[in-house]
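J.: I am sharing protein_28.cif, which consists of mmCIF, C-alpha atoms:
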data_work
#
loop_
_atom_site.group_PDB
_atom_site.id
_atom_site.type_symbol
_atom_site.label_atom_id
_atom_site.label_comp_id
_atom_site.auth_asym_id
_atom_site.auth_seq_id
_atom_site.Cartn_x
_atom_site.Cartn_y
_atom_site.Cartn_z
ATOM 1 C CA MET A 62 -19.768 7.792 3.517
ATOM 2 C CA GLY A 63 -20.367 10.666 1.099
ATOM 3 C CA ASP A 64 -17.273 12.477 2.434
ATOM 4 C CA ILE A 65 -15.141 9.382 1.856
ATOM 5 C CA LEU A 66 -16.339 9.007 -1.736
ATOM 6 C CA LEU A 67 -16.040 12.700 -2.595
ATOM 7 C CA ASN A 68 -12.885 13.688 -0.724
ATOM 8 C CA VAL A 69 -10.815 10.495 -0.684
ATOM 9 C CA ILE A 70 -11.752 8.056 -3.449
ATOM 10 C CA LEU A 71 -12.964 10.348 -6.279
ATOM 11 C CA PRO A 72 -9.603 12.193 -6.587
ATOM 12 C CA LEU A 73 -7.856 8.820 -6.982
ATOM 13 C CA TYR A 74 -10.205 7.847 -9.811
ATOM 14 C CA LEU A 75 -9.767 11.186 -11.577
ATOM 15 C CA LEU A 76 -5.973 10.925 -11.567
ATOM 16 C CA ILE A 77 -6.087 7.314 -12.807
ATOM 17 C CA LEU A 78 -8.546 8.370 -15.528
ATOM 18 C CA SER A 79 -6.278 11.217 -16.629
ATOM 19 C CA GLY A 80 -3.385 8.766 -16.963
ATOM 20 C CA PHE A 81 -5.631 6.390 -18.928
ATOM 21 C CA PHE A 82 -6.406 9.098 -21.495
ATOM 22 C CA VAL A 83 -2.739 10.090 -21.694
ATOM 23 C CA GLY A 84 -1.881 6.430 -22.385
ATOM 24 C CA LYS A 85 -4.475 6.251 -25.166
ATOM 25 C CA LEU A 86 -3.194 9.477 -26.729
ATOM 26 C CA LYS A 87 0.460 8.332 -26.469
ATOM 27 C CA PRO A 88 0.454 4.502 -26.805
ATOM 28 C CA ASP A 89 4.264 4.356 -26.896
ATOM 29 C CA LEU A 90 4.623 6.246 -23.588
ATOM 30 C CA LYS A 91 6.714 4.402 -20.967
ATOM 31 C CA THR A 92 6.245 4.803 -17.226
ATOM 32 C CA ASP A 93 9.423 3.156 -15.929
ATOM 33 C CA THR A 94 11.180 6.518 -15.475
ATOM 34 C CA ILE A 95 8.312 7.845 -13.343
ATOM 35 C CA SER A 96 8.368 4.663 -11.250
ATOM 36 C CA PHE A 97 12.099 4.962 -10.687
ATOM 37 C CA VAL A 98 11.857 8.584 -9.510
ATOM 38 C CA VAL A 99 8.935 7.756 -7.187
ATOM 39 C CA LEU A 100 10.687 4.749 -5.685
ATOM 40 C CA TYR A 101 14.033 6.426 -5.077
ATOM 41 C CA LEU A 102 13.010 9.999 -4.270
ATOM 42 C CA PHE A 103 9.338 10.806 -3.658
ATOM 43 C CA ALA A 104 8.285 7.771 -1.581
ATOM 44 C CA PRO A 105 11.242 8.038 0.867
ATOM 45 C CA ALA A 106 10.470 11.751 1.336
ATOM 46 C CA LEU A 107 6.839 10.905 2.118
ATOM 47 C CA ILE A 108 7.777 8.301 4.738
ATOM 48 C CA LEU A 109 10.411 10.525 6.336
ATOM 49 C CA SER A 110 8.087 13.521 6.495
ATOM 50 C CA SER A 111 5.218 11.484 8.011
ATOM 51 C CA PHE A 112 7.106 9.313 10.495
ATOM 52 C CA ARG A 113 8.955 12.158 12.215
ATOM 53 C CA LYS A 114 5.679 13.709 13.370
ATOM 54 C CA VAL A 115 3.921 10.841 15.159
ATOM 55 C CA SER A 116 4.341 9.120 18.508
ATOM 56 C CA VAL A 117 2.582 6.061 19.993
ATOM 57 C CA SER A 118 3.125 4.012 23.144
ATOM 58 C CA LEU A 119 5.325 0.907 23.086
ATOM 59 C CA LYS A 120 2.285 -1.342 23.661
ATOM 60 C CA ASP A 121 0.360 0.210 20.771
ATOM 61 C CA PHE A 122 3.447 0.078 18.547
ATOM 62 C CA SER A 123 3.812 -3.642 19.326
ATOM 63 C CA CYS A 124 0.150 -4.259 18.493
ATOM 64 C CA ILE A 125 0.491 -2.393 15.198
ATOM 65 C CA SER A 126 3.786 -4.051 14.218
ATOM 66 C CA PHE A 127 2.796 -7.652 14.968
ATOM 67 C CA THR A 128 -0.648 -7.237 13.404
ATOM 68 C CA ALA A 129 0.894 -5.748 10.252
ATOM 69 C CA LEU A 130 3.368 -8.644 10.058
ATOM 70 C CA GLY A 131 0.551 -11.159 10.608
ATOM 71 C CA VAL A 132 -1.531 -9.547 7.869
ATOM 72 C CA PHE A 133 1.391 -9.505 5.441
ATOM 73 C CA VAL A 134 2.289 -13.162 5.992
ATOM 74 C CA GLY A 135 -1.324 -14.353 6.266
ATOM 75 C CA VAL A 136 -2.594 -12.687 3.093
ATOM 76 C CA PHE A 137 0.542 -13.688 1.185
ATOM 77 C CA LEU A 138 -0.028 -17.346 2.130
ATOM 78 C CA LEU A 139 -3.677 -16.995 1.086
ATOM 79 C CA SER A 140 -2.560 -15.650 -2.299
ATOM 80 C CA LEU A 141 -0.310 -18.699 -2.738
ATOM 81 C CA LEU A 142 -3.239 -21.026 -1.982
ATOM 82 C CA VAL A 143 -5.385 -19.188 -4.548
ATOM 83 C CA GLU A 144 -2.613 -19.566 -7.121
ATOM 84 C CA ILE A 145 -2.345 -23.299 -6.443
ATOM 85 C CA PHE A 146 -6.044 -24.191 -6.332
ATOM 86 C CA VAL A 147 -7.716 -21.507 -8.475
ATOM 87 C CA LEU A 148 -5.290 -19.837 -10.878
ATOM 88 C CA LYS A 149 -3.056 -22.888 -11.430
ATOM 89 C CA GLU A 150 -0.095 -20.585 -12.014
ATOM 90 C CA LYS A 151 2.360 -18.466 -10.020
ATOM 91 C CA ASN A 152 2.592 -14.715 -10.441
ATOM 92 C CA GLU A 153 4.595 -12.454 -8.133
ATOM 93 C CA ALA A 154 2.597 -9.354 -9.127
ATOM 94 C CA PHE A 155 -0.611 -11.102 -8.070
ATOM 95 C CA GLU A 156 0.930 -12.091 -4.734
ATOM 96 C CA ILE A 157 2.335 -8.729 -3.722
ATOM 97 C CA SER A 158 -0.647 -6.737 -5.023
ATOM 98 C CA SER A 159 -3.076 -8.957 -3.117
ATOM 99 C CA THR A 160 -0.973 -8.715 0.049
ATOM 100 C CA VAL A 161 -0.053 -5.040 0.528
ATOM 101 C CA MET A 162 -2.712 -2.369 0.925
ATOM 102 C CA ASN A 163 -2.943 1.378 0.316
ATOM 103 C CA ALA A 164 -2.368 2.221 3.982
ATOM 104 C CA GLY A 165 -1.065 5.730 3.295
ATOM 105 C CA TYR A 166 -2.790 7.688 0.556
ATOM 106 C CA LEU A 167 -6.204 6.156 1.165
ATOM 107 C CA GLY A 168 -5.783 4.806 4.698
ATOM 108 C CA ILE A 169 -4.798 7.977 6.551
ATOM 109 C CA PRO A 170 -7.600 10.254 5.266
ATOM 110 C CA LEU A 171 -10.107 7.406 5.671
ATOM 111 C CA ILE A 172 -9.062 6.810 9.292
ATOM 112 C CA TYR A 173 -9.337 10.543 9.948
ATOM 113 C CA LEU A 174 -12.886 10.653 8.560
ATOM 114 C CA MET A 175 -13.928 7.553 10.525
ATOM 115 C CA PHE A 176 -12.094 8.090 13.838
ATOM 116 C CA GLU A 177 -10.982 11.764 13.738
ATOM 117 C CA ASP A 178 -7.637 12.995 15.135
ATOM 118 C CA GLU A 179 -7.325 10.185 17.679
ATOM 119 C CA GLY A 180 -6.755 7.638 14.936
ATOM 120 C CA ILE A 181 -4.071 9.490 12.945
ATOM 121 C CA PRO A 182 -0.966 8.408 14.961
ATOM 122 C CA PHE A 183 -2.065 4.769 14.682
ATOM 123 C CA ALA A 184 -2.748 5.103 10.942
ATOM 124 C CA VAL A 185 0.613 6.732 10.179
ATOM 125 C CA THR A 186 2.499 4.171 12.289
ATOM 126 C CA TYR A 187 0.731 1.302 10.513
ATOM 127 C CA MET A 188 1.604 2.856 7.152
ATOM 128 C CA VAL A 189 5.294 3.074 8.058
ATOM 129 C CA VAL A 190 5.482 -0.475 9.472
ATOM 130 C CA MET A 191 3.754 -1.873 6.381
ATOM 131 C CA ALA A 192 6.072 0.171 4.139
ATOM 132 C CA VAL A 193 9.083 -1.461 5.817
ATOM 133 C CA LEU A 194 7.556 -4.921 5.258
ATOM 134 C CA HIS A 195 6.657 -3.950 1.687
ATOM 135 C CA PHE A 196 10.185 -2.865 0.820
ATOM 136 C CA THR A 197 11.931 -5.781 2.546
ATOM 137 C CA LEU A 198 9.786 -8.932 2.507
ATOM 138 C CA GLY A 199 7.882 -7.624 -0.513
ATOM 139 C CA ILE A 200 11.021 -7.244 -2.599
ATOM 140 C CA VAL A 201 12.164 -10.716 -1.541
ATOM 141 C CA VAL A 202 8.771 -12.024 -2.764
ATOM 142 C CA LEU A 203 9.304 -10.363 -6.142
ATOM 143 C CA GLN A 204 12.912 -11.585 -6.364
ATOM 144 C CA ARG A 205 12.673 -14.949 -4.586
ATOM 145 C CA GLU A 206 13.932 -16.881 -7.599
ATOM 146 C CA ASN A 207 17.265 -15.270 -6.802
ATOM 147 C CA LEU A 208 17.235 -14.714 -3.035
ATOM 148 C CA LYS A 209 20.704 -13.148 -2.931
ATOM 149 C CA GLU A 210 19.752 -10.597 -5.564
ATOM 150 C CA GLY A 211 16.489 -9.923 -3.712
ATOM 151 C CA LEU A 212 18.302 -9.207 -0.447
ATOM 152 C CA LEU A 213 20.773 -6.935 -2.228
ATOM 153 C CA SER A 214 17.867 -5.104 -3.867
ATOM 154 C CA VAL A 215 16.422 -4.380 -0.420
ATOM 155 C CA LEU A 216 19.646 -2.658 0.609
ATOM 156 C CA LYS A 217 19.449 -0.423 -2.468
ATOM 157 C CA ILE A 218 15.999 0.974 -1.645
ATOM 158 C CA PRO A 219 16.306 4.369 0.115
ATOM 159 C CA LEU A 220 12.899 4.085 1.779
ATOM 160 C CA ILE A 221 14.345 1.725 4.406
ATOM 161 C CA TYR A 222 17.009 4.271 5.312
ATOM 162 C CA ALA A 223 14.346 7.011 5.402
ATOM 163 C CA VAL A 224 12.444 5.043 8.076
ATOM 164 C CA VAL A 225 15.610 4.556 10.159
ATOM 165 C CA PHE A 226 16.570 8.220 9.830
ATOM 166 C CA GLY A 227 13.023 9.307 10.664
ATOM 167 C CA PHE A 228 12.987 7.111 13.778
ATOM 168 C CA PHE A 229 16.244 8.510 15.148
ATOM 169 C CA THR A 230 15.367 12.139 14.384
ATOM 170 C CA LYS A 231 11.959 12.124 16.092
ATOM 171 C CA GLY A 232 11.658 15.239 18.222
ATOM 172 C CA ILE A 233 14.786 16.786 16.696
ATOM 173 C CA SER A 234 14.179 20.133 15.035
ATOM 174 C CA ILE A 235 15.367 20.569 11.459
ATOM 175 C CA PRO A 236 15.232 23.778 9.384
ATOM 176 C CA GLU A 237 11.711 24.714 8.311
ATOM 177 C CA GLY A 238 12.819 24.899 4.681
ATOM 178 C CA ILE A 239 13.971 21.261 4.762
ATOM 179 C CA GLU A 240 10.648 20.199 6.335
ATOM 180 C CA LYS A 241 8.766 21.973 3.535
ATOM 181 C CA ILE A 242 10.906 20.349 0.845
ATOM 182 C CA LEU A 243 10.306 16.901 2.348
ATOM 183 C CA LYS A 244 6.541 17.477 2.464
ATOM 184 C CA LEU A 245 6.349 18.882 -1.071
ATOM 185 C CA THR A 246 8.424 16.009 -2.439
ATOM 186 C CA GLY A 247 6.398 13.391 -0.573
ATOM 187 C CA ASP A 248 3.080 14.903 -1.628
ATOM 188 C CA ALA A 249 4.123 14.595 -5.292
ATOM 189 C CA ALA A 250 4.374 10.788 -5.039
ATOM 190 C CA LEU A 251 0.624 10.111 -5.166
ATOM 191 C CA PRO A 252 -0.342 11.953 -8.391
ATOM 192 C CA LEU A 253 2.715 10.617 -10.208
ATOM 193 C CA MET A 254 1.930 7.001 -9.307
ATOM 194 C CA LEU A 255 -1.784 7.283 -10.059
ATOM 195 C CA VAL A 256 -1.138 8.754 -13.508
ATOM 196 C CA SER A 257 1.356 5.938 -14.170
ATOM 197 C CA ILE A 258 -1.275 3.352 -13.202
ATOM 198 C CA GLY A 259 -3.763 4.983 -15.580
ATOM 199 C CA ILE A 260 -1.239 4.788 -18.418
ATOM 200 C CA SER A 261 -0.655 1.102 -17.646
ATOM 201 C CA LEU A 262 -4.421 0.422 -17.551
ATOM 202 C CA SER A 263 -4.750 1.881 -21.057
ATOM 203 C CA LYS A 264 -2.705 -1.109 -22.288
ATOM 204 C CA ILE A 265 -4.248 -3.799 -20.078
ATOM 205 C CA LYS A 266 -5.352 -7.244 -21.308
ATOM 206 C CA PRO A 267 -8.760 -8.836 -20.468
ATOM 207 C CA SER A 268 -7.022 -11.673 -18.593
ATOM 208 C CA GLU A 269 -5.413 -9.129 -16.284
ATOM 209 C CA ILE A 270 -8.831 -7.731 -15.351
ATOM 210 C CA GLU A 271 -9.897 -11.250 -14.297
ATOM 211 C CA LEU A 272 -6.822 -11.498 -12.074
ATOM 212 C CA GLY A 273 -7.694 -8.048 -10.731
ATOM 213 C CA ILE A 274 -11.066 -9.338 -9.518
ATOM 214 C CA VAL A 275 -9.551 -12.426 -7.868
ATOM 215 C CA GLY A 276 -6.745 -10.374 -6.312
ATOM 216 C CA THR A 277 -9.290 -7.897 -4.954
ATOM 217 C CA ALA A 278 -11.214 -10.707 -3.216
ATOM 218 C CA VAL A 279 -7.979 -11.956 -1.610
ATOM 219 C CA ARG A 280 -6.992 -8.413 -0.589
ATOM 220 C CA PHE A 281 -10.290 -7.546 1.064
ATOM 221 C CA ALA A 282 -11.242 -10.829 2.748
ATOM 222 C CA GLY A 283 -7.694 -11.793 3.683
ATOM 223 C CA GLY A 284 -6.853 -8.382 5.115
ATOM 224 C CA THR A 285 -9.994 -8.139 7.223
ATOM 225 C CA LEU A 286 -9.843 -11.648 8.688
ATOM 226 C CA THR A 287 -6.110 -11.756 9.442
ATOM 227 C CA ALA A 288 -6.152 -8.295 11.056
ATOM 228 C CA PHE A 289 -9.125 -9.211 13.230
ATOM 229 C CA LEU A 290 -7.430 -12.474 14.245
ATOM 230 C CA PHE A 291 -4.065 -10.966 15.195
ATOM 231 C CA ALA A 292 -5.508 -7.850 16.850
ATOM 232 C CA SER A 293 -7.701 -10.148 18.986
ATOM 233 C CA ILE A 294 -4.812 -12.458 19.905
ATOM 234 C CA LEU A 295 -2.669 -9.450 20.855
ATOM 235 C CA ASN A 296 -5.534 -7.973 22.895
ATOM 236 C CA CYS A 297 -5.211 -4.581 21.199
ATOM 237 C CA PRO A 298 -7.321 -1.711 22.633
ATOM 238 C CA PRO A 299 -10.808 -1.498 21.016
ATOM 239 C CA LEU A 300 -10.158 1.684 19.003
ATOM 240 C CA LEU A 301 -6.787 0.468 17.762
ATOM 241 C CA LYS A 302 -8.298 -2.905 16.852
ATOM 242 C CA LYS A 303 -10.914 -1.233 14.644
ATOM 243 C CA ILE A 304 -8.280 0.940 12.996
ATOM 244 C CA LEU A 305 -6.051 -2.067 12.310
ATOM 245 C CA VAL A 306 -8.943 -3.943 10.696
ATOM 246 C CA VAL A 307 -9.835 -0.954 8.494
ATOM 247 C CA GLN A 308 -6.209 -0.305 7.503
ATOM 248 C CA SER A 309 -5.637 -3.974 6.681
ATOM 249 C CA SER A 310 -8.787 -4.157 4.517
ATOM 250 C CA LEU A 311 -7.891 -1.325 2.147
ATOM 251 C CA PRO A 312 -7.393 -1.612 -1.636
ATOM 252 C CA SER A 313 -4.077 -2.694 -3.104
ATOM 253 C CA ALA A 314 -1.149 -0.304 -2.567
ATOM 254 C CA ILE A 315 -0.257 2.001 -5.433
ATOM 255 C CA LEU A 316 3.431 1.298 -4.769
ATOM 256 C CA ASN A 317 2.841 -2.336 -5.792
ATOM 257 C CA TYR A 318 2.725 -1.109 -9.368
ATOM 258 C CA VAL A 319 5.965 0.823 -8.947
ATOM 259 C CA LEU A 320 7.789 -2.206 -7.515
ATOM 260 C CA CYS A 321 6.424 -4.607 -10.143
ATOM 261 C CA GLU A 322 7.541 -2.276 -12.906
ATOM 262 C CA ARG A 323 10.947 -1.739 -11.278
ATOM 263 C CA PHE A 324 11.576 -5.504 -11.061
ATOM 264 C CA ASN A 325 9.781 -6.396 -14.316
ATOM 265 C CA ARG A 326 7.049 -8.497 -12.673
ATOM 266 C CA SER A 327 3.786 -8.051 -14.664
ATOM 267 C CA PRO A 328 3.002 -4.414 -13.787
ATOM 268 C CA GLY A 329 -0.240 -4.676 -15.776
ATOM 269 C CA ILE A 330 -1.585 -7.236 -13.298
ATOM 270 C CA ALA A 331 -0.583 -4.989 -10.397
ATOM 271 C CA ALA A 332 -2.359 -2.042 -12.055
ATOM 272 C CA SER A 333 -5.470 -4.173 -12.576
ATOM 273 C CA ILE A 334 -5.672 -5.264 -8.909
ATOM 274 C CA ILE A 335 -5.079 -1.686 -7.737
ATOM 275 C CA PHE A 336 -7.797 -0.360 -10.038
ATOM 276 C CA VAL A 337 -10.433 -3.035 -9.331
ATOM 277 C CA SER A 338 -9.885 -2.996 -5.564
ATOM 278 C CA THR A 339 -10.045 0.809 -5.436
ATOM 279 C CA LEU A 340 -13.168 0.795 -7.627
ATOM 280 C CA LEU A 341 -14.982 -1.768 -5.448
ATOM 281 C CA PHE A 342 -13.803 -0.473 -2.080
ATOM 282 C CA PRO A 343 -16.821 1.809 -1.391
ATOM 283 C CA VAL A 344 -19.053 -1.279 -1.555
ATOM 284 C CA TYR A 345 -16.715 -3.295 0.657
ATOM 285 C CA LEU A 346 -16.487 -0.421 3.122
ATOM 286 C CA LEU A 347 -20.217 -0.771 3.816
ATOM 287 C CA ILE A 348 -19.680 -4.466 4.621
ATOM 288 C CA LEU A 349 -16.673 -3.567 6.749
ATOM 289 C CA LYS A 350 -18.613 -1.016 8.806
ATOM 290 C CA ILE A 351 -21.268 -3.641 9.576
ATOM 291 C CA PHE A 352 -18.532 -6.116 10.526
ATOM 292 C CA LEU A 353 -16.973 -3.623 12.955
ATOM 293 C CA GLN A 354 -20.313 -3.027 14.673
ATOM 294 C CA THR A 355 -20.871 -6.728 15.473
#
Give the structure from the file, written as structure tokens.

T.:
Amino acid sequence: MGDILLNVILPLYLLILSGFFVGKLKPDLKTDTISFVVLYLFAPALILSSFRKVSVSLKDFSCISFTALGVFVGVFLLSLLVEIFVLKEKNEAFEISSTVMNAGYLGIPLIYLMFEDEGIPFAVTYMVVMAVLHFTLGIVVLQRENLKEGLLSVLKIPLIYAVVFGFFTKGISIPEGIEKILKLTGDAALPLMLVSIGISLSKIKPSEIELGIVGTAVRFAGGTLTAFLFASILNCPPLLKKILVVQSSLPSAILNYVLCERFNRSPGIAASIIFVSTLLFPVYLLILKIFLQT
């Protein structure tokens, strides 16, 4: 647990905190340019660099894909119910930020610390499948008032093409220099997004913190229960089942903020859910570890 806090979660907090101070020093600073560059350059490079290097069996891939889809749909529906019966209002940033988790930047190192090398191919595959759902169904969620525009927006996101290209170039050697460029570009995505979130948090409203707490509850409970349900129905192998539950229970994805800012859907609420869920995750992880042992 100490390794997770020190090596995985603390660096996230420090980068968010640095962005927070930058936002306080420069109140007029805008983050939309950073979000655009991350969405159209750094995130696709990260997915392409990661996906080319992993391989899982067809059965395991099916388990991962259908569980990820079940989690996405299940938690999204739960967020709609919370909006109807608790919040009494609709907010796309709340929905997407409650639904999609930080399966990459937090999920992969966490899975490594909990399950060692054996869990990495499963974790990376889950991250890629969820990224595809995030940048297809997720964009439709954000743009559902104009479904045609939402579908067109999906086709404009290069991450989808990065996944397709990565899939068809698995096992194909490319120049070492290109591999290094892809990795360097992908690795830059995390610090840029975390600093942007910190800047956004420096301007946050008290009401958005309240939504952050509610969204965190939906993210944690919904992710855990839906993953356990679908992994059980699909009869996933025991190790994979545990990994799917952990991956699905993670804090809100940092890219939720980028998408909400790109499509002008309350990025402050997205930043709040990301921050609160990341802050409370060490406590929830203790509950999760007990749940996995039962």

J.: Carefully work through the PyMOL selection byres ((chain A and resi 291-296) around 9) for this structure and note down the residues it includes, as a list in words.

T.: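 Selection result, ordered by chain and number: Ser123, Cys124, Ile125, Phe127, Thr128, Ala129, Gly131, Val132, Leu286, Thr287, Ala288, Phe289, Leu290, Cys297, Pro298, Pro299, Leu301, Lys302, Lys303, Leu305 and Val306 of chain A.
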
J.: Name every residue that the PyMOL selection byres ((chain A and resi 183) around 12) selects in this structure, writing the answer as a ChimeraX atom specification with chains first and numbers rising.

T.: /A:111-112,114-126,129,164-165,168-169,172-173,176-182,184-190,297-298,300-308

J.: Residues within 12 Å of A:Glu206, please, as a CSV table (one decimal) with C-alpha atoms, in the frame of the given file. Count all atoms listed in the file; anything in the same chain fewer than 3 positions from it doesn't count.

T.:
chain,number,residue,atom,x,y,z
A,151,LYS,CA,2.4,-18.5,-10.0
A,152,ASN,CA,2.6,-14.7,-10.4
A,153,GLU,CA,4.6,-12.5,-8.1
A,200,ILE,CA,11.0,-7.2,-2.6
A,201,VAL,CA,12.2,-10.7,-1.5
A,202,VAL,CA,8.8,-12.0,-2.8
A,203,LEU,CA,9.3,-10.4,-6.1
A,209,LYS,CA,20.7,-13.1,-2.9
A,210,GLU,CA,19.8,-10.6,-5.6
A,211,GLY,CA,16.5,-9.9,-3.7
A,212,LEU,CA,18.3,-9.2,-0.4
A,326,ARG,CA,7.0,-8.5,-12.7

J.: Please write the residues picked by the PyMOL selection byres ((chain A and resi 341) around 12) on this file as a list in words.

T.: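 With the PyMOL selection byres ((chain A and resi 341) around 12) on this model, the match is Leu66, Ile70, Tyr74, Gly273, Ile274, Gly276, Thr277, Ala278, Arg280, Phe281, Ser310, Leu311, Pro312, Ser313, Ile334, Ile335, Phe336, Val337, Ser338, Thr339, Leu340, Phe342, Pro343, Val344, Tyr345, Leu346, Leu347 and Ile348 of chain A.
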
J.: If you measure from atom CA of A:Gly329 to atom CA of A:Lys85, what distance in Å do you get, rounded to one decimal?

T.: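 So the answer is 15.0 Å.
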
J.: So what do you get for atom CA of A:Ala282 versus atom CA of A:Ser159, distance-wise?

T.: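 Computing the Euclidean distance for atom CA of A:Ala282 and atom CA of A:Ser159 yields 10.2 Å.
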
J.: What separation in Å, quoted to one decimal, exists between atom CA of A:Gly247 and atom CA of A:Phe155?

T.: 26.6 Å

J.: Using only C-alpha atoms, which of A:Ile221, A:Val161, A:Leu76, A:Leu174 sits nearest A:Pro105?

T.: A:Ile221

J.: Which of these, A:Val134, A:Leu316, A:Leu167, A:Ile242, has the shortest distance to A:Ile65 once you count only C-alpha atoms?

T.: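 Looking at the shortest contact to A:Ile65, the residue is A:Leu167.
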